[in-house]
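Source file: coords32.cif. Holds: mmCIF, C-alpha atoms and all ligand atoms.
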```cif
data_final
loop_
_atom_site.label_atom_id
_atom_site.label_comp_id
_atom_site.auth_asym_id
_atom_site.auth_seq_id
_atom_site.Cartn_x
_atom_site.Cartn_y
_atom_site.Cartn_z
CA MET A 2 -264.75 22.94 30.70
CA LEU A 3 -264.12 24.95 33.81
CA LEU A 4 -266.96 26.89 35.41
CA ALA A 5 -266.28 29.26 38.31
CA GLN A 6 -269.10 29.88 40.75
CA ILE A 7 -269.27 32.98 42.92
CA THR A 8 -272.29 33.35 45.16
CA ASP A 9 -274.01 35.53 47.74
CA LEU A 10 -272.04 38.73 47.27
CA HIS A 11 -274.62 40.88 49.09
CA LEU A 12 -272.97 44.03 47.74
CA GLY A 13 -274.25 47.32 49.14
CA PHE A 14 -274.85 45.72 52.54
CA ASP A 15 -274.70 48.99 54.51
CA GLY A 16 -276.79 51.07 52.12
CA GLU A 17 -276.08 53.57 49.37
CA GLY A 18 -273.00 55.72 49.82
CA ASN A 19 -271.62 53.62 52.68
CA ASP A 20 -268.62 51.33 52.56
CA CYS A 21 -269.79 47.76 52.04
CA PRO A 22 -268.00 45.14 54.15
CA ASN A 23 -268.57 42.62 51.38
CA THR A 24 -266.65 44.61 48.75
CA PRO A 25 -263.19 43.72 50.10
CA ARG A 26 -264.37 40.13 50.44
CA LEU A 27 -265.41 40.10 46.77
CA ARG A 28 -262.05 41.55 45.80
CA GLN A 29 -260.31 38.73 47.66
CA VAL A 30 -262.38 36.21 45.71
CA ILE A 31 -261.63 37.92 42.39
CA ASP A 32 -257.92 38.01 43.25
CA GLY A 33 -258.08 34.31 44.14
CA LEU A 34 -259.68 33.45 40.82
CA LYS A 35 -257.25 35.59 38.84
CA SER A 36 -254.26 34.06 40.60
CA MET A 37 -254.98 30.62 39.16
CA GLN A 38 -252.84 29.48 36.23
CA ARG A 39 -255.82 27.81 34.58
CA ALA A 40 -258.48 30.42 34.01
CA PRO A 41 -262.18 29.51 34.08
CA ASP A 42 -264.12 29.50 30.83
CA MET A 43 -266.91 31.47 32.44
CA VAL A 44 -268.18 32.69 35.80
CA LEU A 45 -271.67 32.06 37.12
CA ILE A 46 -272.78 34.32 39.94
CA THR A 47 -275.50 32.44 41.73
CA GLY A 48 -277.60 35.09 43.40
CA ASP A 49 -277.93 37.46 46.33
CA ASN A 50 -275.72 39.49 44.04
CA VAL A 51 -276.61 42.63 45.99
CA GLU A 52 -278.17 43.16 49.41
CA SER A 53 -281.30 45.10 48.62
CA GLY A 54 -282.07 44.76 44.90
CA GLU A 55 -281.54 48.43 44.12
CA ARG A 56 -280.18 49.92 40.93
CA TRP A 57 -277.22 51.69 42.55
CA ALA A 58 -276.11 48.38 44.06
CA TYR A 59 -276.13 46.69 40.64
CA GLU A 60 -274.02 49.60 39.33
CA LEU A 61 -271.58 48.85 42.13
CA LEU A 62 -271.64 45.17 41.23
CA LYS A 63 -270.94 45.91 37.58
CA ALA A 64 -268.01 48.14 38.48
CA GLU A 65 -266.46 45.53 40.79
CA LEU A 66 -266.90 42.67 38.32
CA ALA A 67 -265.22 44.63 35.53
CA ALA A 68 -262.03 43.15 37.02
CA LEU A 69 -263.07 39.69 35.77
CA ASP A 70 -261.70 38.77 32.36
CA TRP A 71 -264.23 36.05 31.56
CA PRO A 72 -267.87 35.89 30.47
CA CYS A 73 -270.11 36.44 33.53
CA PHE A 74 -273.63 35.11 33.93
CA PHE A 75 -276.03 35.81 36.78
CA LEU A 76 -279.09 34.38 38.40
CA MET A 77 -281.43 35.84 40.96
CA GLY A 78 -281.37 35.31 44.73
CA ASN A 79 -283.96 36.37 47.27
CA HIS A 80 -282.14 39.69 47.80
CA ASP A 81 -282.18 40.51 44.07
CA ARG A 82 -284.78 42.31 41.99
CA ARG A 83 -285.09 41.48 38.31
CA GLU A 84 -286.11 44.91 37.06
CA ALA A 85 -283.24 46.79 38.71
CA PHE A 86 -280.79 44.07 37.64
CA LEU A 87 -281.88 44.23 33.99
CA ASP A 88 -281.80 48.02 34.13
CA VAL A 89 -278.05 47.80 34.69
CA PHE A 90 -277.18 44.53 32.93
CA ARG A 91 -279.28 45.35 29.87
CA ASP A 92 -277.92 42.66 27.55
CA HIS A 93 -278.10 39.83 30.05
CA PRO A 94 -280.20 36.85 28.95
CA SER A 95 -283.71 36.52 30.37
CA GLU A 96 -286.83 34.66 29.29
CA ASP A 97 -290.54 35.15 30.05
CA GLY A 98 -289.58 37.98 32.43
CA PHE A 99 -287.37 35.70 34.48
CA ILE A 100 -283.58 35.54 34.68
CA GLN A 101 -283.45 32.02 33.32
CA TYR A 102 -281.66 30.76 30.25
CA VAL A 103 -279.45 28.01 28.87
CA ILE A 104 -275.66 28.21 28.48
CA ASP A 105 -275.22 25.85 25.59
CA ASP A 106 -271.74 26.39 24.20
CA TRP A 107 -269.87 23.84 26.31
CA PRO A 108 -269.76 20.06 26.71
CA VAL A 109 -271.98 20.37 29.77
CA ARG A 110 -275.26 22.17 29.25
CA ILE A 111 -276.09 24.65 32.00
CA LEU A 112 -279.74 25.37 32.79
CA VAL A 113 -279.85 28.56 34.81
CA MET A 114 -283.05 28.76 36.85
CA ASP A 115 -284.79 31.68 38.52
CA THR A 116 -286.08 30.64 41.96
CA LEU A 117 -286.81 34.14 43.22
CA GLY A 118 -290.25 34.78 44.70
CA GLU A 119 -290.13 38.52 45.41
CA GLY A 120 -290.94 39.18 49.06
CA TYR A 121 -290.02 35.64 50.13
CA HIS A 122 -286.82 34.34 51.64
CA GLY A 123 -287.35 30.82 50.35
CA GLY A 124 -287.51 29.58 46.77
CA ALA A 125 -290.28 29.68 44.20
CA LEU A 126 -291.08 27.77 41.03
CA CYS A 127 -294.27 29.04 39.44
CA PRO A 128 -296.04 27.22 36.56
CA VAL A 129 -294.24 29.34 33.95
CA ARG A 130 -290.82 28.41 35.32
CA GLU A 131 -291.80 24.80 35.87
CA ALA A 132 -292.90 24.59 32.22
CA TRP A 133 -289.60 26.15 31.14
CA LEU A 134 -287.61 23.62 33.13
CA ARG A 135 -289.65 20.71 31.76
CA GLU A 136 -289.17 21.97 28.21
CA LYS A 137 -285.43 22.53 28.54
CA LEU A 138 -284.78 19.15 30.17
CA ALA A 139 -286.82 17.38 27.51
CA GLU A 140 -284.79 19.03 24.72
CA GLU A 141 -281.57 17.15 25.52
CA PRO A 142 -282.22 14.26 27.89
CA ASP A 143 -278.91 12.56 27.21
CA ARG A 144 -276.49 15.47 27.40
CA PRO A 145 -274.65 16.12 30.69
CA THR A 146 -276.43 19.01 32.38
CA ILE A 147 -275.92 21.28 35.35
CA LEU A 148 -278.93 22.92 37.00
CA ALA A 149 -277.97 26.22 38.60
CA MET A 150 -280.28 27.96 41.07
CA HIS A 151 -279.89 30.26 44.03
CA HIS A 152 -282.04 28.47 46.57
CA THR A 153 -280.92 25.18 48.05
CA PRO A 154 -283.69 22.58 47.84
CA LEU A 155 -282.51 20.81 51.00
CA GLN A 156 -283.46 20.34 54.59
CA THR A 157 -279.96 21.40 55.60
CA GLY A 158 -280.11 20.60 59.31
CA ILE A 159 -279.29 24.26 60.03
CA PRO A 160 -282.70 25.11 61.40
CA TRP A 161 -282.90 28.76 60.38
CA MET A 162 -281.39 28.31 56.88
CA THR A 163 -283.23 25.42 55.34
CA ALA A 164 -286.00 24.36 52.99
CA LYS A 165 -288.86 22.13 54.00
CA PRO A 166 -288.80 18.96 51.88
CA GLU A 167 -292.54 19.43 51.37
CA ALA A 168 -292.21 23.10 50.26
CA PRO A 169 -294.17 23.34 46.98
CA TRP A 170 -291.19 24.51 44.94
CA VAL A 171 -289.02 21.65 46.26
CA GLU A 172 -291.73 19.08 45.53
CA THR A 173 -292.18 20.48 42.03
CA LEU A 174 -288.45 20.46 41.39
CA LYS A 175 -288.07 16.87 42.60
CA ALA A 176 -290.93 15.67 40.42
CA VAL A 177 -289.60 17.41 37.30
CA ILE A 178 -285.97 16.29 37.60
CA ALA A 179 -286.49 12.74 38.92
CA PRO A 180 -286.64 11.01 35.50
CA TYR A 181 -283.48 12.65 34.15
CA LYS A 182 -280.27 10.68 34.54
CA ASN A 183 -278.20 13.34 32.75
CA ILE A 184 -278.29 15.93 35.56
CA GLU A 185 -274.69 15.92 36.70
CA ARG A 186 -275.20 18.34 39.56
CA ILE A 187 -277.52 20.96 41.00
CA ILE A 188 -275.38 23.94 42.04
CA CYS A 189 -276.72 26.50 44.49
CA GLY A 190 -275.90 29.29 46.90
CA HIS A 191 -278.11 30.85 49.60
CA ILE A 192 -276.86 28.88 52.61
CA HIS A 193 -273.47 30.68 52.78
CA ARG A 194 -271.48 27.55 53.46
CA PRO A 195 -270.34 24.45 51.54
CA ILE A 196 -272.77 21.53 51.53
CA THR A 197 -273.19 18.37 49.46
CA ALA A 198 -276.25 16.13 49.38
CA MET A 199 -278.60 14.20 47.10
CA ILE A 200 -282.15 15.05 46.09
CA ALA A 201 -284.36 12.98 43.79
CA GLY A 202 -281.23 10.95 43.01
CA LYS A 203 -279.27 14.03 41.88
CA SER A 204 -276.14 15.47 43.42
CA VAL A 205 -276.51 18.90 45.04
CA PHE A 206 -273.59 21.22 45.77
CA VAL A 207 -273.81 24.46 47.71
CA SER A 208 -270.89 26.86 47.27
CA PRO A 209 -269.30 28.91 50.02
CA ALA A 210 -270.26 32.58 49.80
CA VAL A 211 -268.56 35.91 49.38
CA ALA A 212 -270.55 37.36 52.30
CA PRO A 213 -269.89 36.04 55.83
CA GLU A 214 -270.58 32.40 56.57
CA VAL A 215 -273.69 30.89 58.12
CA THR A 216 -272.38 29.19 61.25
CA LEU A 217 -272.27 25.41 61.31
CA GLU A 218 -274.81 24.71 64.07
CA LEU A 219 -277.33 21.92 63.80
CA ALA A 220 -279.03 22.25 67.20
CA GLU A 221 -282.80 22.41 67.15
CA LEU A 222 -284.18 25.91 67.30
CA ASN A 223 -287.18 27.23 69.17
CA VAL A 224 -288.13 30.45 67.39
CA ASP A 225 -289.72 31.79 70.57
CA LYS A 226 -286.64 31.15 72.72
CA PRO A 227 -283.45 32.89 71.52
CA ASP A 228 -280.53 30.81 72.76
CA GLU A 229 -277.54 33.03 71.91
CA ARG A 230 -276.37 30.63 69.22
CA ARG A 231 -273.96 31.96 66.60
CA LEU A 232 -275.88 32.64 63.40
CA ILE A 233 -273.26 34.25 61.15
CA THR A 234 -269.50 33.90 61.52
CA ASN A 235 -266.78 36.15 60.13
CA ASN A 236 -265.00 33.34 58.26
CA PRO A 237 -263.11 34.02 55.02
CA PRO A 238 -265.01 34.24 51.72
CA GLY A 239 -264.79 31.48 49.13
CA PHE A 240 -265.67 30.40 45.61
CA SER A 241 -266.09 27.16 43.70
CA LEU A 242 -264.80 25.60 40.50
CA HIS A 243 -266.74 22.99 38.55
CA TYR A 244 -264.44 20.99 36.30
CA TRP A 245 -265.78 18.67 33.62
CA ASN A 246 -263.15 15.98 33.03
CA GLY A 247 -264.98 14.53 30.03
CA GLU A 248 -266.76 11.94 32.10
CA THR A 249 -267.95 13.51 35.32
CA LEU A 250 -268.23 16.89 37.02
CA ILE A 251 -265.75 17.59 39.80
CA SER A 252 -266.71 20.44 42.13
CA HIS A 253 -264.04 22.15 44.23
CA SER A 254 -264.21 25.08 46.59
CA THR A 255 -261.61 27.21 48.32
CA THR A 256 -261.45 30.12 50.73
CA CYS A 257 -259.74 33.43 49.95
CA PRO A 258 -257.22 34.86 50.19
CA ILE A 259 -255.51 31.70 49.05
CA GLY A 260 -252.76 31.00 51.61
CA ASP A 261 -249.04 31.63 51.21
CA PRO A 262 -247.33 28.80 49.31
CA LEU A 263 -245.43 26.28 51.41
CA LEU A 264 -244.22 24.38 48.34
CA ILE A 265 -243.94 25.47 44.72
CA TYR A 266 -243.18 23.42 41.63
CA ASP A 267 -239.57 24.16 40.84
CA GLU A 268 -236.73 21.92 39.64
CA LYS A 269 -236.29 20.43 43.12
CA GLN A 270 -239.82 19.05 43.12
CA ILE A 271 -239.70 17.06 39.87
CA LYS A 272 -238.94 13.85 41.73
CA THR A 273 -241.79 14.43 44.21
CA ILE A 274 -244.29 15.13 41.47
CA ARG A 275 -243.17 12.10 39.45
CA HIS A 276 -243.66 10.03 42.62
CA THR A 277 -247.19 11.37 43.24
CA LEU A 278 -248.08 10.45 39.66
CA ASP A 279 -246.49 7.01 40.05
CA LEU A 280 -244.40 7.69 36.94
CA ASP A 281 -241.29 5.97 38.21
CA LYS A 282 -242.88 2.65 39.10
CA ASP A 283 -241.80 -0.46 37.23
FE FE B 301 -277.28 35.10 50.64
FE FE B 302 -280.34 33.84 49.54
#
```
Please re-express this file's structure in structure tokens.
Amino acid sequence: MLLAQITDLHLGFDGEGNDCPNTPRLRQVIDGLKSMQRAPDMVLITGDNVESGERWAYELLKAELAALDWPCFFLMGNHDRREAFLDVFRDHPSEDGFIQYVIDDWPVRILVMDTLGEGYHGGALCPVREAWLREKLAEEPDRPTILAMHHTPLQTGIPWMTAKPEAPWVETLKAVIAPYKNIERIICGHIHRPITAMIAGKSVFVSPAVAPEVTLELAELNVDKPDERRLITNNPPGFSLHYWNGETLISHSTTCPIGDPLLIYDEKQIKTIRHTLDLDKD
């Protein structure tokens, strides 16, 4: 199973009718994905799909993603709005009014969570969604499972893009998932840069974004004293691939455009490849 993750597209960044700087970035990501010889089985777009949650922006998103040849699933980020999204993506799965559902057709079960609290930047997990998560986890406690959510339940060390470990939604999440040994990975977006960590004994992976990167800067921040630090950096966009090898989930990410090849696999490289695979050893 090969799952592609695209996150934080923020399409429509400069408002309706204006060119969006994130559109060419998304096209670079789509081109990168389509250039791979092994295609993904599906694509999960993990929130902040558009900048301002408006219908026209979701129309734009739909038009851009028509270039993808694979099934596409979405979840909601803090910049998204469920009603406008469902207005455009009418057949997309949702449950109890939330964009949460299970992708159940593959060896790894994917629980897609909705952590949007409209009006808030940080995550949310109300009693309805908590009950949903409890129910879904209890259904198949032994099957390898991915939890997908927009918000990153981590104190990232980047002081302005972080979650407090004692935030109610993080505490709830930790309590619910702690007993489950079958959660292979929690995959997120929101932070606009690649991160790995553990929470409640589970692996967390944050994918690089389509939109510009949050700058790697871990200095303490005094909100009352701007210090000219770089907040956002114009680094290339990226995406991630989650590959289930039958035993464990391997998560890769890359930036786009994918660079010019320095070496390709032609006849001259057979010996090199055999060597890297240790095929010629006695
Ligand atoms: Fe974002
Ligand atoms: Fe976000």
Pick from A:Leu278, A:Leu62, A:Leu264, A:Met77 nearest to ligand FE 301 (chain B), counting only C-alpha atoms and all ligand atoms: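 Result for the nearest residue to ligand FE 301 (chain B): A:Met77.
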Which of A:Cys21, A:Ala5, A:Leu217, A:Met162 sits closest to ligand FE 301 (chain B) [using all atoms listed in the file]: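 That would be A:Met162, the residue with the smallest distance to ligand FE 301 (chain B).
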Two-atom distance - CA of Glu141 in chain A, CA of Phe74 in chain A (Å):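 Going from CA of Glu141 in chain A over to CA of Phe74 in chain A covers 21.4 Å.
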Residues within 6 Å of range 36-46 of chain A, please, as a PDB file with C-alpha atoms, keeping the file's coordinate frame. Count only C-alpha atoms; anything in the same chain fewer than 6 positions from it doesn't count.
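selection-v4.pdb, freshly written:
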```pdb
ATOM      1  CA  LEU A   3    -264.120  24.950  33.810  1.00  0.00           C
ATOM      2  CA  LEU A   4    -266.960  26.890  35.410  1.00  0.00           C
ATOM      3  CA  ALA A   5    -266.280  29.260  38.310  1.00  0.00           C
ATOM      4  CA  GLN A   6    -269.100  29.880  40.750  1.00  0.00           C
ATOM      5  CA  ILE A   7    -269.270  32.980  42.920  1.00  0.00           C
ATOM      6  CA  THR A   8    -272.290  33.350  45.160  1.00  0.00           C
ATOM      7  CA  TRP A  71    -264.230  36.050  31.560  1.00  0.00           C
ATOM      8  CA  PRO A  72    -267.870  35.890  30.470  1.00  0.00           C
ATOM      9  CA  CYS A  73    -270.110  36.440  33.530  1.00  0.00           C
ATOM     10  CA  PHE A  74    -273.630  35.110  33.930  1.00  0.00           C
ATOM     11  CA  PHE A  75    -276.030  35.810  36.780  1.00  0.00           C
TER      12      PHE A  75
END
```
Nearest candidate to Ile233 in chain A (options A:Gly190, A:Ile271, A:Ile159, A:Lys282; using only C-alpha atoms):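 Nearest to Ile233 in chain A: A:Ile159.
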For Asn50 in chain A, the nearest of the candidates A:Arg144, A:Pro195, A:Val211, A:Asn183, counting all atoms listed in the file: A:Val211
Site check for ligand FE 302 (chain B): residues at most 8 Å away, only C-alpha atoms and all ligand atoms, as a ChimeraX atom specification: /A:9,48-49,78-80,122-123,151-152,190-192
Distance of CA of Gly54 in chain A from CA of Pro22 in chain A, expressed in Å to one decimal place: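 Separating CA of Pro22 in chain A from CA of Gly54 in chain A is a distance of 16.8 Å.
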Atomic distance CA of Lys63 in chain A - CA of Val51 in chain A, expressed in Å with one decimal: 10.7 Å
Exercise: Ala64 in chain A partners within 12 Å, all atoms listed in the file, chain neighbours under 5 positions left out, as number ranges by chain: A: 12, 24, 27-28, 57-59, 69, 89-90
Among the residues A:Val30, A:Cys127, A:Leu10, A:Ala201, the one that comes closest to ligand FE 301 (chain B) [using only C-alpha atoms and all ligand atoms]: A:Leu10
Skipping near chain neighbours, those fewer than 4 positions away, what residues fall within 8 Å of range 100-111 of chain A using all atoms listed in the file, listed as an mmCIF file with C-alpha atoms, in the frame of the given file?
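around-v8.cif written:
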```cif
data_model
loop_
_atom_site.group_PDB
_atom_site.id
_atom_site.type_symbol
_atom_site.label_atom_id
_atom_site.label_comp_id
_atom_site.auth_asym_id
_atom_site.auth_seq_id
_atom_site.Cartn_x
_atom_site.Cartn_y
_atom_site.Cartn_z
ATOM 1 C CA MET A 2 -264.750 22.940 30.700
ATOM 2 C CA PHE A 75 -276.030 35.810 36.780
ATOM 3 C CA LEU A 76 -279.090 34.380 38.400
ATOM 4 C CA MET A 77 -281.430 35.840 40.960
ATOM 5 C CA ARG A 83 -285.090 41.480 38.310
ATOM 6 C CA PRO A 94 -280.200 36.850 28.950
ATOM 7 C CA SER A 95 -283.710 36.520 30.370
ATOM 8 C CA GLU A 96 -286.830 34.660 29.290
ATOM 9 C CA ASP A 115 -284.790 31.680 38.520
ATOM 10 C CA ARG A 144 -276.490 15.470 27.400
ATOM 11 C CA PRO A 145 -274.650 16.120 30.690
ATOM 12 C CA THR A 146 -276.430 19.010 32.380
ATOM 13 C CA ILE A 147 -275.920 21.280 35.350
ATOM 14 C CA LEU A 148 -278.930 22.920 37.000
ATOM 15 C CA ALA A 149 -277.970 26.220 38.600
ATOM 16 C CA TRP A 245 -265.780 18.670 33.620
#
```
Given all atoms listed in the file as the counted atoms, nearest of A:Thr255, A:Ser208, A:Asn19, A:Gln29 to ligand FE 301 (chain B):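 Selected residue with least distance to ligand FE 301 (chain B): A:Ser208.
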